[in-house]
Structures are given as C-alpha cells and as structure tokens.
file input-v3.tsv (TSV, C-alpha atoms and all ligand atoms)
chain	number	residue	atom	x	y	z
A	1	MET	CA	119.43	81.63	123.35
A	2	ASN	CA	122.61	83.45	124.33
A	3	GLN	CA	124.12	84.74	121.15
A	4	LEU	CA	126.51	87.68	121.53
A	5	SER	CA	129.63	85.76	120.57
A	6	PHE	CA	131.86	88.79	119.97
A	7	ASP	CA	133.74	91.20	122.21
A	8	GLN	CA	131.15	93.91	122.78
A	9	THR	CA	133.84	96.37	123.94
A	10	ASN	CA	135.63	96.07	120.58
A	11	ARG	CA	134.21	98.26	117.80
A	12	GLU	CA	135.92	96.35	114.97
A	13	GLN	CA	134.52	93.03	116.16
A	14	THR	CA	131.07	94.63	116.48
A	15	ARG	CA	131.43	95.89	112.92
A	16	ASP	CA	132.50	92.51	111.47
A	17	TYR	CA	129.79	90.67	113.38
A	18	LEU	CA	126.99	92.96	112.21
A	19	HIS	CA	128.13	93.06	108.58
A	20	ALA	CA	128.32	89.25	108.46
A	21	ARG	CA	124.81	88.82	109.82
A	22	LEU	CA	122.92	91.71	108.30
A	23	LYS	CA	124.37	91.38	104.80
A	24	GLY	CA	121.56	91.39	102.24
A	25	LEU	CA	118.98	92.50	104.82
A	26	HIS	CA	119.98	96.17	104.91
A	27	PRO	CA	122.07	98.26	102.50
A	28	GLU	CA	125.75	98.38	103.57
A	29	VAL	CA	125.44	102.08	104.34
A	30	GLU	CA	122.58	101.42	106.76
A	31	ILE	CA	124.51	98.64	108.51
A	32	GLU	CA	127.48	101.01	108.84
A	33	ALA	CA	125.23	103.66	110.39
A	34	LYS	CA	124.00	101.19	113.02
A	35	ILE	CA	127.44	100.03	114.16
A	36	ASP	CA	128.18	102.93	116.51
A	37	GLN	CA	124.68	102.79	117.96
A	38	VAL	CA	125.05	99.07	118.73
A	39	PHE	CA	128.59	99.55	120.09
A	40	ASN	CA	127.52	102.44	122.37
A	41	ILE	CA	124.45	100.60	123.68
A	42	ASN	CA	126.57	97.57	124.54
A	43	LYS	CA	129.21	99.67	126.32
A	44	LEU	CA	126.52	101.34	128.43
A	45	LYS	CA	124.73	98.05	129.05
A	46	LEU	CA	127.92	96.53	130.46
A	47	LYS	CA	128.65	99.61	132.58
A	48	LYS	CA	125.14	99.57	134.07
A	49	ASN	CA	125.20	95.79	134.54
A	50	ALA	CA	121.93	95.46	132.62
A	51	LEU	CA	120.66	92.31	130.90
A	52	VAL	CA	118.96	92.86	127.54
A	53	LEU	CA	116.26	90.41	126.46
A	54	GLY	CA	115.26	90.45	122.78
A	55	HIS	CA	112.01	89.00	121.47
A	56	ASN	CA	112.09	87.12	118.16
A	57	TYR	CA	110.20	90.01	116.48
A	58	MET	CA	112.87	92.66	117.13
A	59	GLU	CA	114.66	94.26	114.22
A	60	PRO	CA	117.90	92.44	113.30
A	61	ALA	CA	120.44	94.99	114.62
A	62	LEU	CA	118.83	94.89	118.08
A	63	PHE	CA	118.18	91.16	117.96
A	64	HIS	CA	121.63	90.12	116.77
A	65	GLY	CA	123.76	93.00	118.04
A	66	VAL	CA	122.38	94.04	121.44
A	67	ALA	CA	120.17	91.35	123.04
A	68	ASP	CA	122.07	89.12	125.48
A	69	PHE	CA	119.32	86.53	125.16
A	70	THR	CA	116.71	86.04	122.46
A	71	GLY	CA	113.58	83.94	122.26
A	72	ASP	CA	109.83	84.00	122.77
A	73	SER	CA	108.23	85.84	125.67
A	74	LEU	CA	108.20	82.93	128.09
A	75	GLN	CA	111.75	81.77	127.33
A	76	LEU	CA	112.99	85.28	128.03
A	77	CYS	CA	111.24	85.52	131.41
A	78	GLN	CA	112.73	82.20	132.42
A	79	VAL	CA	116.22	83.33	131.38
A	80	ALA	CA	115.74	86.53	133.37
A	81	GLU	CA	114.86	84.54	136.49
A	82	LYS	CA	118.25	82.81	136.34
A	83	SER	CA	120.24	86.03	135.95
A	84	GLU	CA	121.74	88.04	138.79
A	85	LYS	CA	121.67	91.36	136.92
A	86	PRO	CA	119.71	94.12	138.70
A	87	ILE	CA	118.34	95.74	135.51
A	88	LEU	CA	116.40	93.90	132.80
A	89	VAL	CA	115.77	95.73	129.53
A	90	TYR	CA	112.97	94.04	127.62
A	91	LEU	CA	113.00	94.53	123.85
A	92	GLY	CA	109.41	93.53	123.16
A	93	VAL	CA	105.91	94.78	123.92
A	94	GLU	CA	104.39	95.78	127.23
A	95	PHE	CA	102.65	92.54	128.21
A	96	MET	CA	105.96	90.72	127.76
A	97	ALA	CA	107.86	93.18	129.94
A	98	GLU	CA	105.05	92.82	132.52
A	99	SER	CA	105.59	89.05	132.55
A	100	ALA	CA	109.31	89.63	133.17
A	101	LYS	CA	108.37	91.85	136.13
A	102	ILE	CA	105.83	89.30	137.43
A	103	LEU	CA	108.57	86.66	137.59
A	104	ASN	CA	111.34	89.04	138.71
A	105	PRO	CA	109.75	91.50	141.18
A	106	GLU	CA	113.03	92.51	142.79
A	107	ARG	CA	114.61	93.65	139.49
A	108	LYS	CA	114.16	96.92	137.69
A	109	VAL	CA	112.44	96.02	134.39
A	110	LEU	CA	112.67	98.62	131.62
A	111	ILE	CA	110.91	98.86	128.26
A	112	PRO	CA	112.31	101.31	125.67
A	113	SER	CA	108.92	102.62	124.48
A	114	GLN	CA	105.64	103.28	126.23
A	115	LYS	CA	103.81	102.87	122.93
A	116	ALA	CA	104.53	99.14	122.51
A	117	GLY	CA	101.02	97.75	123.02
A	118	CYS	CA	99.34	94.75	121.37
A	119	SER	CA	95.97	94.35	119.62
A	120	LEU	CA	95.55	90.86	121.04
A	121	ALA	CA	96.40	91.64	124.68
A	122	SER	CA	94.21	94.75	124.67
A	123	SER	CA	91.21	92.86	123.24
A	124	ILE	CA	90.17	91.72	126.73
A	125	THR	CA	90.01	93.30	130.20
A	126	ALA	CA	90.00	91.80	133.68
A	127	GLU	CA	86.33	92.75	133.93
A	128	ASP	CA	85.57	90.80	130.72
A	129	VAL	CA	87.13	87.72	132.34
A	130	ARG	CA	85.13	88.21	135.54
A	131	ASN	CA	81.95	88.40	133.42
A	132	LEU	CA	82.88	85.18	131.60
A	133	LYS	CA	83.44	83.46	134.95
A	134	LYS	CA	80.05	84.70	136.19
A	135	ARG	CA	78.35	83.37	133.03
A	136	TYR	CA	80.20	80.02	133.20
A	137	PRO	CA	80.69	79.37	136.95
A	138	GLY	CA	83.27	76.75	137.84
A	139	VAL	CA	84.67	76.54	134.29
A	140	PRO	CA	88.48	76.83	134.29
A	141	VAL	CA	90.02	79.84	132.53
A	142	VAL	CA	93.02	79.15	130.29
A	143	THR	CA	94.69	82.36	129.10
A	144	TYR	CA	97.26	82.76	126.38
A	145	ILE	CA	100.46	84.30	127.72
A	146	ASN	CA	99.92	87.24	125.30
A	147	SER	CA	97.72	89.08	127.79
A	148	TYR	CA	98.08	91.78	130.43
A	149	ALA	CA	98.85	91.07	134.10
A	150	ASP	CA	95.35	91.91	135.39
A	151	VAL	CA	93.84	89.41	132.92
A	152	LYS	CA	96.36	86.74	133.98
A	153	ALA	CA	95.39	87.49	137.58
A	154	GLU	CA	91.80	86.33	136.81
A	155	THR	CA	93.11	83.16	135.17
A	156	ASP	CA	93.43	79.59	136.42
A	157	ILE	CA	96.30	78.63	134.16
A	158	CYS	CA	98.27	80.35	131.39
A	159	CYS	CA	99.36	78.68	128.17
A	160	THR	CA	101.65	79.38	125.23
A	161	SER	CA	101.02	78.57	121.58
A	162	SER	CA	103.26	75.51	121.94
A	163	ASN	CA	101.77	73.98	125.11
A	164	ALA	CA	98.09	75.05	124.79
A	165	ALA	CA	96.72	71.79	123.32
A	166	LYS	CA	98.43	69.60	125.94
A	167	ILE	CA	97.43	71.87	128.82
A	168	VAL	CA	93.72	71.91	127.93
A	169	ALA	CA	93.78	68.16	127.29
A	170	ALA	CA	95.24	67.62	130.77
A	171	LEU	CA	92.45	69.57	132.49
A	172	ASP	CA	89.81	67.19	133.77
A	173	THR	CA	86.83	69.05	132.32
A	174	ASP	CA	84.66	69.18	129.18
A	175	THR	CA	84.38	72.97	129.05
A	176	VAL	CA	87.23	75.48	129.14
A	177	ILE	CA	87.19	79.28	128.84
A	178	PHE	CA	90.04	79.72	126.35
A	179	ILE	CA	91.02	83.38	125.85
A	180	PRO	CA	91.74	85.83	124.26
A	181	ASP	CA	92.99	84.68	120.81
A	182	GLU	CA	90.13	83.45	118.61
A	183	PHE	CA	92.48	81.96	116.01
A	184	LEU	CA	94.66	80.14	118.53
A	185	ALA	CA	91.43	78.77	120.02
A	186	GLN	CA	90.33	77.61	116.52
A	187	ASN	CA	93.66	75.84	115.98
A	188	VAL	CA	93.79	74.20	119.42
A	189	ALA	CA	90.11	73.21	119.15
A	190	ALA	CA	90.79	71.53	115.79
A	191	GLU	CA	93.82	69.72	117.23
A	192	THR	CA	91.97	68.45	120.30
A	193	GLY	CA	88.57	67.70	118.71
A	194	THR	CA	86.84	70.45	120.66
A	195	LYS	CA	83.83	72.59	119.71
A	196	LEU	CA	84.51	76.33	119.79
A	197	MET	CA	81.87	78.91	120.79
A	198	VAL	CA	82.87	82.57	120.55
A	199	PRO	CA	80.24	84.79	122.15
A	200	LYS	CA	79.85	88.53	121.63
A	201	LYS	CA	81.80	90.77	124.01
A	202	ASP	CA	78.69	91.53	126.07
A	203	LEU	CA	77.92	87.77	126.22
A	204	SER	CA	74.33	88.48	125.05
A	205	ASP	CA	74.48	85.41	122.74
A	206	ALA	CA	76.53	83.16	125.07
A	207	GLN	CA	75.17	79.61	124.95
A	208	ASP	CA	75.37	76.81	127.46
A	209	PRO	CA	77.77	74.01	126.51
A	210	GLN	CA	76.21	70.63	125.73
A	211	VAL	CA	76.78	67.95	128.35
A	212	GLY	CA	79.49	65.50	127.26
A	213	VAL	CA	80.72	67.70	124.36
A	214	LYS	CA	84.21	69.10	124.70
A	215	THR	CA	83.80	72.86	124.32
A	216	PHE	CA	85.92	76.01	124.37
A	217	VAL	CA	84.31	79.32	125.20
A	218	GLY	CA	86.54	81.66	123.21
A	219	TRP	CA	86.99	85.39	122.80
A	220	LYS	CA	87.17	87.64	119.74
A	221	GLY	CA	90.81	88.70	120.27
A	222	ARG	CA	93.07	88.79	117.22
A	223	CYS	CA	96.69	89.53	116.50
A	224	GLU	CA	96.53	92.30	113.92
A	225	VAL	CA	99.59	90.84	112.16
A	226	HIS	CA	98.70	87.16	111.93
A	227	GLU	CA	95.05	87.75	111.01
A	228	GLU	CA	96.25	89.37	107.76
A	229	PHE	CA	97.72	86.19	106.26
A	230	THR	CA	95.40	84.32	103.89
A	231	VAL	CA	95.26	81.01	102.05
A	232	ALA	CA	95.47	83.05	98.82
A	233	ASP	CA	98.91	84.33	100.01
A	234	ILE	CA	100.11	80.74	100.35
A	235	GLU	CA	98.67	79.72	96.97
A	236	ARG	CA	100.28	82.70	95.24
A	237	VAL	CA	103.73	81.90	96.64
A	238	ARG	CA	103.35	78.17	95.92
A	239	LYS	CA	102.53	78.97	92.30
A	240	GLN	CA	105.80	80.90	91.96
A	241	GLU	CA	107.88	78.61	94.20
A	242	PRO	CA	106.42	75.07	94.01
A	243	ASP	CA	109.00	73.63	96.48
A	244	VAL	CA	108.43	76.23	99.17
A	245	VAL	CA	107.85	74.94	102.72
A	246	VAL	CA	105.22	77.09	104.43
A	247	LEU	CA	105.49	77.68	108.19
A	248	ALA	CA	102.64	79.49	109.98
A	249	HIS	CA	102.17	80.73	113.53
A	250	PRO	CA	98.98	79.45	115.24
A	251	GLU	CA	97.79	83.04	115.73
A	252	CYS	CA	96.95	82.74	112.00
A	253	SER	CA	93.48	81.46	111.07
A	254	LEU	CA	92.70	77.73	111.03
A	255	GLU	CA	92.45	77.79	107.21
A	256	VAL	CA	95.94	79.30	106.91
A	257	CYS	CA	97.47	76.86	109.42
A	258	GLN	CA	95.84	73.92	107.65
A	259	ALA	CA	97.14	75.12	104.26
A	260	ALA	CA	100.68	75.46	105.67
A	261	ASP	CA	103.18	72.59	105.90
A	262	PHE	CA	103.81	73.26	109.59
A	263	SER	CA	102.24	75.40	112.28
A	264	GLY	CA	104.05	76.25	115.50
A	265	SER	CA	105.23	78.90	117.93
A	266	THR	CA	108.05	81.29	116.98
A	267	SER	CA	110.59	79.03	118.73
A	268	ALA	CA	109.18	75.94	116.98
A	269	ILE	CA	109.43	77.68	113.58
A	270	ILE	CA	113.06	78.64	114.24
A	271	ARG	CA	113.82	75.07	115.33
A	272	TYR	CA	112.09	73.68	112.22
A	273	VAL	CA	114.34	75.73	109.92
A	274	GLU	CA	117.49	74.96	111.92
A	275	GLU	CA	116.81	71.22	111.87
A	276	ARG	CA	116.03	71.10	108.13
A	277	PRO	CA	118.66	73.23	106.38
A	278	GLU	CA	118.28	71.00	103.31
A	279	ALA	CA	114.96	72.66	102.32
A	280	ALA	CA	115.66	75.23	99.63
A	281	LYS	CA	112.96	77.76	100.45
A	282	TYR	CA	110.78	78.62	103.42
A	283	LEU	CA	107.82	80.98	103.56
A	284	ILE	CA	107.40	82.21	107.13
A	285	LEU	CA	103.96	83.50	108.06
A	286	THR	CA	104.63	85.51	111.19
A	287	GLU	CA	105.97	88.99	111.98
A	288	CYS	CA	108.41	89.87	109.23
A	289	ALA	CA	111.37	90.71	111.50
A	290	MET	CA	111.54	87.08	112.59
A	291	GLY	CA	112.21	86.04	108.99
A	292	ASP	CA	114.96	88.69	108.88
A	293	ASN	CA	116.45	87.30	112.09
A	294	ILE	CA	116.46	83.74	110.75
A	295	ILE	CA	118.27	84.96	107.60
A	296	ALA	CA	120.81	86.79	109.77
A	297	ALA	CA	121.36	83.62	111.83
A	298	ILE	CA	121.91	81.59	108.61
A	299	ASN	CA	124.43	84.26	107.46
A	300	GLY	CA	126.21	84.01	110.83
A	301	LYS	CA	126.49	80.22	110.57
A	302	LYS	CA	128.01	80.50	107.09
A	303	LYS	CA	130.56	83.02	108.39
A	304	ASP	CA	131.40	80.81	111.39
A	305	ALA	CA	131.92	77.88	108.99
A	306	GLY	CA	134.20	80.03	106.82
A	307	LYS	CA	131.74	79.99	103.89
A	308	PRO	CA	131.03	83.08	101.77
A	309	ALA	CA	127.68	84.83	102.41
A	310	ASP	CA	126.42	83.92	98.92
A	311	SER	CA	127.16	80.19	99.32
A	312	PRO	CA	124.09	77.89	99.03
A	313	GLY	CA	121.75	77.74	102.01
A	314	PRO	CA	118.06	77.91	102.71
A	315	GLU	CA	116.23	80.96	101.39
A	316	VAL	CA	113.66	82.54	103.67
A	317	LEU	CA	110.68	84.29	102.10
A	318	ARG	CA	108.38	86.51	104.13
A	319	LEU	CA	105.47	88.81	103.45
A	320	CYS	CA	106.81	92.09	104.74
A	321	SER	CA	103.71	94.14	104.09
A	322	VAL	CA	102.65	92.79	107.48
A	323	ARG	CA	104.64	94.31	110.33
A	324	CYS	CA	103.68	94.68	113.95
A	325	PRO	CA	103.41	98.43	114.64
A	326	HIS	CA	103.89	97.78	118.37
A	327	MET	CA	107.09	95.76	118.07
A	328	ALA	CA	108.40	98.39	115.63
A	329	GLN	CA	108.27	100.98	118.43
A	330	ILE	CA	111.42	99.46	119.92
A	331	THR	CA	114.38	101.11	118.19
A	332	LEU	CA	118.13	101.35	118.74
A	333	ALA	CA	117.79	105.02	119.79
A	334	ASP	CA	115.04	104.28	122.33
A	335	THR	CA	116.99	101.32	123.70
A	336	MET	CA	119.99	103.59	124.28
A	337	ALA	CA	117.77	106.15	126.03
A	338	ALA	CA	116.12	103.44	128.14
A	339	ILE	CA	119.46	102.22	129.50
A	340	GLU	CA	120.92	105.72	129.88
A	341	GLN	CA	117.91	107.22	131.69
A	342	GLU	CA	116.71	103.92	133.21
A	343	GLN	CA	113.31	104.52	131.62
A	344	TYR	CA	110.51	103.32	131.28
A	345	GLU	CA	110.15	101.21	134.38
A	346	VAL	CA	107.46	98.51	134.26
A	347	THR	CA	105.44	98.07	137.46
A	348	VAL	CA	102.70	95.62	138.42
A	349	PRO	CA	100.64	96.11	141.62
A	350	GLU	CA	101.69	93.43	144.12
A	351	GLU	CA	98.19	91.95	144.58
A	352	ILE	CA	97.84	91.47	140.80
A	353	ARG	CA	101.41	90.25	140.44
A	354	ILE	CA	100.95	87.45	142.98
A	355	LYS	CA	97.75	86.19	141.32
A	356	ALA	CA	99.19	86.52	137.80
A	357	LYS	CA	102.34	84.68	138.88
A	358	ALA	CA	100.22	81.81	140.25
A	359	SER	CA	98.64	81.33	136.78
A	360	ILE	CA	102.08	81.27	135.12
A	361	ASP	CA	103.50	78.96	137.82
A	362	ARG	CA	100.62	76.50	137.28
A	363	MET	CA	101.45	76.42	133.57
A	364	LEU	CA	105.15	75.81	134.28
A	365	GLU	CA	104.33	73.05	136.79
A	366	MET	CA	101.93	71.34	134.41
A	367	SER	CA	104.39	71.68	131.50
A	368	ALA	CA	107.09	70.02	133.64
A	369	LYS	CA	104.67	67.26	134.67
A	370	LEU	CA	103.70	66.64	131.03
A	371	GLY	CA	107.34	66.70	129.94
A	372	LEU	CA	106.81	69.71	127.64
A	401	LIG	S1	102.67	90.53	116.65
A	401	LIG	FE1	100.50	90.43	117.23
A	401	LIG	S2	100.49	89.39	119.23
A	401	LIG	FE2	102.60	90.11	118.85
A	401	LIG	S3	102.69	92.15	119.79
A	401	LIG	FE3	102.15	92.48	117.64
A	401	LIG	S4	99.89	92.56	117.67
A	401	LIG	FE4	100.53	91.63	119.59

call {"tool": "encode", "arguments": {"input": "input-v3.tsv", "output": "structure tokens"}}
result
Amino acid sequence: MNQLSFDQTNREQTRDYLHARLKGLHPEVEIEAKIDQVFNINKLKLKKNALVLGHNYMEPALFHGVADFTGDSLQLCQVAEKSEKPILVYLGVEFMAESAKILNPERKVLIPSQKAGCSLASSITAEDVRNLKKRYPGVPVVTYINSYADVKAETDICCTSSNAAKIVAALDTDTVIFIPDEFLAQNVAAETGTKLMVPKKDLSDAQDPQVGVKTFVGWKGRCEVHEEFTVADIERVRKQEPDVVVLAHPECSLEVCQAADFSGSTSAIIRYVEERPEAAKYLILTECAMGDNIIAAINGKKKDAGKPADSPGPEVLRLCSVRCPHMAQITLADTMAAIEQEQYEVTVPEEIRIKAKASIDRMLEMSAKLGL
C-alpha cells in the first residue's frame, strides 16, 4: 500500500500528518520529538532516490511517516520489483530483506540493523532440509516464506500464511514436507484434513507416512511472538469485552486460531478490520505494532473525513506484553544511519539466489494459476 499522502519536504505537513495518526498511541511530547527525525529521513531518502519498504510490524512513526510502501513481506518484494529506484531500504527483519534482494538482484538492498533476526527463520538450516529430503526422497518441500535464502534454495515451492492451504492442496501428492513453522503446519493441516507428523531435529523418530493418508512432515520452528498467545488470553478478554471480535495470525497455535473469530495473514487481518468498521472492538493476536498501525490508519481516515479523533470508530485491543525483539531493532535513528551511510547492504550468493528465486517464482506462478 502506498500511503505517504503528504508533502514530505514540508515540515508542517509532516507534523500535522504524524499528530493526526499517532494521537493516543504516543504521548504528544514523544510524537513531537519524532517529527524532525521523520522529516530528515524523508529529505535524505528523496535526495538519495531510495525506496523505503515498511513491514506491518514496524513502529507507527516509521510505518506511517517514512515507509513509501507498507505490507507483508511478499507484497513488499513485489512492489520493489516494480520500482525503478536503485536503493531499497527494508524496514523489517533479515529474511525479508533477503527476499527483496532475491527478487531485485540489481538493486542495493539495505537493512537498518544487523541484529534483526527471527526465531522462526533460524529454527532450520539448509542442512536440516537436505536431511529431510534424504529421509523422505521424492517428497516435495513446501517452505514458509519466513525462512532464510539458503533454506528457500533447498525448497520446491514457497508459501505464505494466506496461500499455504491452496498450494499444498494443488500439489499432486499425499505427503508434503511442510517447514519450518509447526503452528502454521497445524493450522493448514486442520484446514486441509491432513495428518501432521513433527519429528525431532535429528529425525531419530521420523516415521514413514501411511499409504493413502494425506500427511505433512513438519518442523519444530516457532515464532517466539505468536507462540505466546493462549486460549486463556482470549477467554480473559471476552469476559471483559463480550462483543470483542478476535483475529489471530496462523503462526499462533491451532487451539488459539480455533478459539478466535478469524485467522489470517497480517494483510488479511488488516483487510478484515477495514471491511467491517461497524464492529466495536477487535482483539488482534499478532505483533503489537500492527495493532498500533491499524489504530493510526483509523485515526488517519477520521482526519481525512474531517471527523475529530475521538469520534466513534472501531477500538483495537492488543496484548502488548508480546513484542518481537527482532522487529524492534529497526528504529528511526538506525533508518537514518542506513540511508546516510548506505549500510547495511544485504547480499545473497548468486547460486543460492537463483535457486531460492525459483521456489518463490513457483509459488507466484501457482498462486496466479489458482487465482489467489
Ligand atoms: S514476529 Fe515472529 S516470525 Fe516475525 S520476525 Fe518476529 S520472531 Fe520472526
């Protein structure tokens, strides 16, 4: 989504825009302190002809004030492919910036922090995938896009949380190696009537699939944010707010997704809220910054419609004890330094890039064929 609908070279417009969106999320004094940072980053960004891509989990001042485009990791890579800008600055974690580089090898891709890892992506190595393929010869490997380039390079086809069920259903096979997110595998298995086997890392207990039984061979990867949400969290909030609509990301456990009213990718959750503004209260079970960004977008819409910030509109609840420590590494100050110094450049060895790109391309082709 392209969203910077103000003159980025005008400090007063930057100020008005940020105050309108971030009202209620940060104290006024904190918003005021961020205005010059946002204004200076945007000036430099325009001077360097850089395109800034902001993941849905970025903090609101970066997400609403600096990112030229926002969305989930795949949407952002696709936007980048269409841009002519020579520098891409990825506000997200390393595997996402790698995907941008995989699809845009001729551009300079920068990430503001070298500490922006991911518990899920680092749960599995390329060697782990080779061992799985040795143990289950001929079984196709479907890998969640939240993985590193060398793991994608060992993969037949990538998937996202929104297309995973349709992609595995379209593969003409009973058994699929579905990695690395155990909870996404649980959710997709439940949706597609598939049995899930999750062997130990060393595969010492790996069993053979039964003939004629649809089976996923999963992996014990977890998102350290989404695994924290529990059914008890939902019950507690429902007790206090009986009308609340609960939206959960499929990186949450099967029990949590089944207890929620809706489960979907970050983009699907945003769409759900946008399309149903009549609901009074939402509880969003995903990284807390995304709830902040939805509130800021609701504030912006009120301002654009000439309504006061405290006029009625949906209320978004989130459990902010759960934050992604990796996403939080990306700050306004580091983003400024990244553009100024053109640091830190993301590189992917060409042999790995070509193979990883093939697994993403297969997903895009199949998604197009399935009308996703
Ligand atoms: S929210 Fe979870 S999947 Fe996303 S970067 Fe953080 S740890 Fe990784």

call {"tool": "closest_atom_pairs", "arguments": {"input": "input-v3.tsv", "of": "chain A", "to": "ligand LIG 401 (chain A)", "cutoff": "7 Å", "atoms": "all atoms listed in the file", "output": "JSON lines"}}
result
{"residue": "A:Val93", "atom": "CA", "partner": "A:LIG401", "partner_atom": "S3", "distance": 5.9}
{"residue": "A:Gly117", "atom": "CA", "partner": "A:LIG401", "partner_atom": "S3", "distance": 6.7}
{"residue": "A:Cys118", "atom": "CA", "partner": "A:LIG401", "partner_atom": "FE4", "distance": 3.8}
{"residue": "A:Ser119", "atom": "CA", "partner": "A:LIG401", "partner_atom": "S4", "distance": 4.7}
{"residue": "A:Leu120", "atom": "CA", "partner": "A:LIG401", "partner_atom": "FE4", "distance": 5.2}
{"residue": "A:Ala121", "atom": "CA", "partner": "A:LIG401", "partner_atom": "FE4", "distance": 6.6}
{"residue": "A:Asn146", "atom": "CA", "partner": "A:LIG401", "partner_atom": "S2", "distance": 6.5}
{"residue": "A:Cys223", "atom": "CA", "partner": "A:LIG401", "partner_atom": "FE1", "distance": 4.0}
{"residue": "A:Glu224", "atom": "CA", "partner": "A:LIG401", "partner_atom": "S4", "distance": 5.0}
{"residue": "A:Val225", "atom": "CA", "partner": "A:LIG401", "partner_atom": "FE1", "distance": 5.2}
{"residue": "A:His226", "atom": "CA", "partner": "A:LIG401", "partner_atom": "FE1", "distance": 6.5}
{"residue": "A:Glu287", "atom": "CA", "partner": "A:LIG401", "partner_atom": "S1", "distance": 5.9}
{"residue": "A:Cys324", "atom": "CA", "partner": "A:LIG401", "partner_atom": "FE3", "distance": 4.6}
{"residue": "A:Pro325", "atom": "CA", "partner": "A:LIG401", "partner_atom": "FE3", "distance": 6.8}
{"residue": "A:His326", "atom": "CA", "partner": "A:LIG401", "partner_atom": "FE3", "distance": 5.6}
{"residue": "A:Met327", "atom": "CA", "partner": "A:LIG401", "partner_atom": "FE3", "distance": 5.9}

call {"tool": "atom_distance", "arguments": {"input": "input-v3.tsv", "atom1": "atom CA of Lys133 of chain A", "atom2": "atom CA of Leu203 of chain A"}}
result
11.2 Å

call {"tool": "residues_near_point", "arguments": {"input": "input-v3.tsv", "point": "(113.1, 79.0, 110.8)", "cutoff": "12 Å", "atoms": "all atoms listed in the file", "output": "NGL selection string"}}
result
:A and (56 or 245-249 or 262-277 or 279 or 281-286 or 288-298 or 314-318)

call {"tool": "residues_around", "arguments": {"input": "input-v3.tsv", "residues": "Ser83 of chain A", "least_positions_apart": "4", "cutoff": "12 Å", "atoms": "only C-alpha atoms", "output": "PyMOL selection string"}}
result
chain A and resi 49-53+68-69+76-79+87-88+100+103-104+106-107

call {"tool": "closest_residue", "arguments": {"input": "input-v3.tsv", "among": "A:Val151, A:Ile167, A:Leu132, A:Cys252", "to": "Ala206 of chain A", "atoms": "all atoms listed in the file"}}
result
A:Leu132

call {"tool": "atom_distance", "arguments": {"input": "input-v3.tsv", "atom1": "atom CA of Glu191 of chain A", "atom2": "atom CA of Glu255 of chain A"}}
result
12.9 Å

call {"tool": "residues_near_point", "arguments": {"input": "input-v3.tsv", "point": "(123.2, 101.6, 115.9)", "cutoff": "10 Å", "atoms": "only C-alpha atoms", "output": "list in words"}}
result
Glu30, Ile31, Glu32, Ala33, Lys34, Ile35, Asp36, Gln37, Val38, Phe39, Asn40, Ile41, Ala61, Leu62, Gly65, Val66, Thr331, Leu332, Ala333, Thr335 and Met336 of chain A

call {"tool": "write_last_selection", "arguments": {"input": "input-v3.tsv", "atoms": "C-alpha atoms", "output": "PDB file, in the frame of the given file"}}
result
ATOM      1  CA  GLU A  30     122.580 101.420 106.760  1.00  0.00           C
ATOM      2  CA  ILE A  31     124.510  98.640 108.510  1.00  0.00           C
ATOM      3  CA  GLU A  32     127.480 101.010 108.840  1.00  0.00           C
ATOM      4  CA  ALA A  33     125.230 103.660 110.390  1.00  0.00           C
ATOM      5  CA  LYS A  34     124.000 101.190 113.020  1.00  0.00           C
ATOM      6  CA  ILE A  35     127.440 100.030 114.160  1.00  0.00           C
ATOM      7  CA  ASP A  36     128.180 102.930 116.510  1.00  0.00           C
ATOM      8  CA  GLN A  37     124.680 102.790 117.960  1.00  0.00           C
ATOM      9  CA  VAL A  38     125.050  99.070 118.730  1.00  0.00           C
ATOM     10  CA  PHE A  39     128.590  99.550 120.090  1.00  0.00           C
ATOM     11  CA  ASN A  40     127.520 102.440 122.370  1.00  0.00           C
ATOM     12  CA  ILE A  41     124.450 100.600 123.680  1.00  0.00           C
ATOM     13  CA  ALA A  61     120.440  94.990 114.620  1.00  0.00           C
ATOM     14  CA  LEU A  62     118.830  94.890 118.080  1.00  0.00           C
ATOM     15  CA  GLY A  65     123.760  93.000 118.040  1.00  0.00           C
ATOM     16  CA  VAL A  66     122.380  94.040 121.440  1.00  0.00           C
ATOM     17  CA  THR A 331     114.380 101.110 118.190  1.00  0.00           C
ATOM     18  CA  LEU A 332     118.130 101.350 118.740  1.00  0.00           C
ATOM     19  CA  ALA A 333     117.790 105.020 119.790  1.00  0.00           C
ATOM     20  CA  THR A 335     116.990 101.320 123.700  1.00  0.00           C
ATOM     21  CA  MET A 336     119.990 103.590 124.280  1.00  0.00           C
TER      22      MET A 336
END

call {"tool": "closest_residue", "arguments": {"input": "input-v3.tsv", "among": "A:Ala337, A:Val244, A:Ala97, A:Val346", "to": "Leu44 of chain A", "atoms": "only C-alpha atoms"}}
result
A:Ala337

call {"tool": "closest_residue", "arguments": {"input": "input-v3.tsv", "among": "A:Asn131, A:Gln210, A:Gln258, A:Ser73", "to": "Ser161 of chain A", "atoms": "all atoms listed in the file"}}
result
A:Ser73

call {"tool": "atom_distance", "arguments": {"input": "input-v3.tsv", "atom1": "atom CA of Glu182 of chain A", "atom2": "atom CA of Phe229 of chain A"}}
result
14.8 Å

call {"tool": "closest_residue", "arguments": {"input": "input-v3.tsv", "among": "A:Gly306, A:Pro105, A:Gly218, A:Gly92", "to": "Val129 of chain A", "atoms": "all atoms listed in the file"}}
result
A:Gly218

call {"tool": "closest_residue", "arguments": {"input": "input-v3.tsv", "among": "A:Asp181, A:Glu127, A:Asp261, A:Asp243", "to": "Phe216 of chain A", "atoms": "all atoms listed in the file"}}
result
A:Asp181

call {"tool": "closest_residue", "arguments": {"input": "input-v3.tsv", "among": "A:His64, A:Ala259, A:Gln343, A:Leu254", "to": "Val231 of chain A", "atoms": "all atoms listed in the file"}}
result
A:Ala259

call {"tool": "axis_aligned_box", "arguments": {"input": "input-v3.tsv", "around": "segment 192-199 of chain A", "padding_each_side": "4 Å", "output": "AutoDock Vina command-line options"}}
result
--center_x 86.1 --center_y 76.2 --center_z 120.4 --size_x 19.7 --size_y 25.1 --size_z 11.4
